[in-house]
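Contents: one structure, followed by commentary.
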Amino acid sequence: MTKELIINAAPQGVEIALLEDKKLVELHSEKTNASFAVGDLYLGKVKKLIPGLNAAFIDVGFEKDAFLHYTDLSPFVRSLLKFTNQAINDNDPNGFDFTKFNAEPEIIKTGKITEVMSGRPNVLVQILKEPIAAKGPRLSCEISLPGRFVVVTPFNDIVAVSRKIHSSDERKRLQKIIEAIKPKNFGVIVRTAAEGKQTTELHQDLLGLIETWKTIQHNLKGAVAPQKILSEQGKTTSILRDLLNEDFNKIVINDKNVYNDTKTYIRKIAPDKQDIVSYYNNGLPIFENFGITKQVKASFGKTVNLPSGAYLIIEHTEALHVIDVNSGYKSVGNNQEQNALETNLEAAEEIARQLRLRDLGGIIVVDFIDMKLMENKKKLADAMDLFMKSDRAKHSVLPITKFGLMQITRQRMKPEMSINTSEICPSCHGTGKISSTLILEDEIRKNLNYLITQKHHHLTITVHPILYTYLTSGFPSRRLKWMWKFKQKIKVVSNSNYHLTEFRFFDDKNEEIKI
């Protein structure tokens with residue numbers, strides 16, 4: 001599989017398209033003034049405690065207070081509150097030594113947030129979910145700083161290794177390396193990308209994250225809530241951090257500044273990959289040049305067509321997303337069960353892509369074409385698991401029910417990507433109605449009469465092919481009647497690019513006459 005990242009930078013923000021084997025699978029947008037993104041760190045002020053929800057509302061500067069639930073508190077939350085207070089009031093120009101900070105987990109005996117947040121203190125929080133609809137951001141007190149190979153979690157000394165690294169020897173090797181190089185009071189999660197990496201690469205990644213934590217300490221000094229303490233990396237660098245591997249073979253960018261920043265970042269994290277970055281300035285919009293605009297038009301909207309002739313209907317409700325699989329005009333052979341399986345497998349691959357592309361979250365219910373054999377249902381469930389493997393969002397795929405329904409849950413981190421691919425009809429301007437052809441004929445005749453009185457001769461009227469037939473058919477045709485009436489040579493030409501009721505006048509030099 002080859003991966004390409006196409007980056008379209010504009011004054012209002014950046015659009016990022018991820019292609020896998022030339023097929024659009026992810027589309028991200030980042031506004032220039034973006035805030036409250038997942039991973040951002042804020043100094044917040046507890047505004048309200050809700051015992052019934054076992055939650056707190058925190059002021060982080062958003063128009064609506066952010067939500068912090070008890071389950072999103074860290075076991076080290078008391079240490080976090082103590083650290084936040086010390087960092088804000090620290091007078092040492094070098095900052096205090098975090099490795100000597102007393103970070104001990106304290107069990108919250110009552111299991112109530114009111115026990116922890118009494119007094120409504122200032123607290124360092126991380127955005128867990130971006131604001132969605134009328135809801136403010138969702139927060140977490142479990143601070144994590146992601147790098148390319150490791151994730152640092154301050155306040156604990158635990159070392160964990162990704163479960164996706166299956167070799168027990170490799171897991172033990174990585175655990176020993178991290179335990180030997182990590183400072184005190186820092187927990188480390190080893191990412192899948194660390195498999196096979198040497199101590200030097202892991203140590204460099206870890207040191208970079210420790211420096212980030214020192215920056216957080218420095219930014220907290222004298223801070224007044226609500227205040228942003230640290231921004232997550234831009235979408236471009238965070239995607240590269242999480243996805244960059246041997247499969248990546250092209251990164252194309254149409255902005256010189258973004259190009260230079262990306263080149264510098266890749267030179268730092270993967271020097272052998274810096275040559276895959278290229279600058280684009282070929283005149284044609286970058287998304288059109290790489291066929292992304294066309295794929296967006298084909299992939300968003302209520303109906304998504306599949307190559308075989310089958311299609312998906314994607315509907316959204318307040319509670320969930322519903323996807324219906326239809327066979328369409330797909331040829332039906334003698335074996336109905338086999339046809340259903342083939343169509344369902346094709347649909348499953350597209351559904352997995354649609355979930356990533358639109359960033360659908362929550363509950364997704366898929367109504368596949370009915371199959372009778374259990375082995376075919378299992379094949380479909382296994383295939384969906386396989387197609388969803390490349391999805392970075394946490395997800396769960398449940399077996400197909402006896403009604404042919406499959407339930408999928410997918411982590412919702414930010415508002416779904418919604419692009420309106422429909423266009424206003426130029427004939428009716430969205431009303432669903434157009435003028436009568438009889439009235440249209442009168443309009444053309446009136447304009448024709450005006451132009452002739454303005455001394456225009458040898459006129460050509462360009463119209464839609466259907467209107468052309470209407471004006472030129474029969475004897476005498478409407479065109480002939482106008483020629484006799486105005487004693488002028490009048491030519492009618494058809495153009496299939498015109499909409500149904502569109503008409504334009506041209507003179508004998510083939511120049512359009514504006515009326």
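Note on naming: chains are A, B, ... as they come in the structure tokens, residues start from 1 per chain, ligands start from 1 in the order shown.
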
Within 8 Å of Phe248 (chain A) using only C-alpha atoms, minus same-chain residues under 5 positions, as a PDB file with C-alpha atoms, in the first residue's frame:
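The resulting file, selection.pdb, is reproduced below:
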ATOM      1  CA  THR A   2       1.303   3.451  -0.934  1.00  0.00           C
ATOM      2  CA  LYS A   3       0.330   6.534   1.031  1.00  0.00           C
ATOM      3  CA  GLU A   4       0.308  10.136  -0.151  1.00  0.00           C
TER       4      GLU A   4
END

Inset, instruction - From the DSSP assignment of the backbone, select every residue of region 437-467 of chain A that is alpha helix (DSSP H), and format the answer as an NGL selection string. - result: :A and (437-453 or 465-467)

Inset, instruction - Once DSSP has gone over the backbone, tell me which residues of region 441-508 of chain A are in strand (DSSP E or B), as a PyMOL selection string. - result: chain A and resi 459-463+490-494+503-506

Inset, instruction - Find, counting only C-alpha atoms, the residue in A:Thr401, A:Ser74, A:Asn495, A:Asn447 that gets nearest to Val463 (chain A). - result: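 Residue with the minimum atom-to-atom distance to Val463 (chain A): A:Asn495.
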
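Here CA of Asp59 (chain A) is placed at a distance of 16.4 Å from CA of Asp72 (chain A).
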
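Proximity to Arg163 (chain A) at 10 Å, evaluated using only C-alpha atoms and with sequence-adjacent residues fewer than 3 positions away removed, yields A:Ala160, A:His166, A:Ser167, A:Ser168, A:Arg171, A:Val190, A:Arg191, A:Thr192.
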
Inset, instruction - Fewer than 6 positions away in the same chain doesn't count, so skip those; otherwise give me all residues within 9 Å of Ala348 (chain A), counting only C-alpha atoms, as a PyMOL selection string. - result: chain A and resi 368+380-381+383-384+387

Could you write out the selected residues, including C-alpha atoms, as a PDB file, in the first residue's frame?
ATOM      1  CA  PHE A 368     -26.390  -5.449   4.904  1.00  0.00           C
ATOM      2  CA  LEU A 380     -18.345 -10.497   6.376  1.00  0.00           C
ATOM      3  CA  ALA A 381     -17.654  -9.749  10.066  1.00  0.00           C
ATOM      4  CA  ALA A 383     -13.654  -8.698   6.553  1.00  0.00           C
ATOM      5  CA  MET A 384     -15.061  -5.640   8.336  1.00  0.00           C
ATOM      6  CA  PHE A 387     -10.967  -3.191   6.709  1.00  0.00           C
TER       7      PHE A 387
END
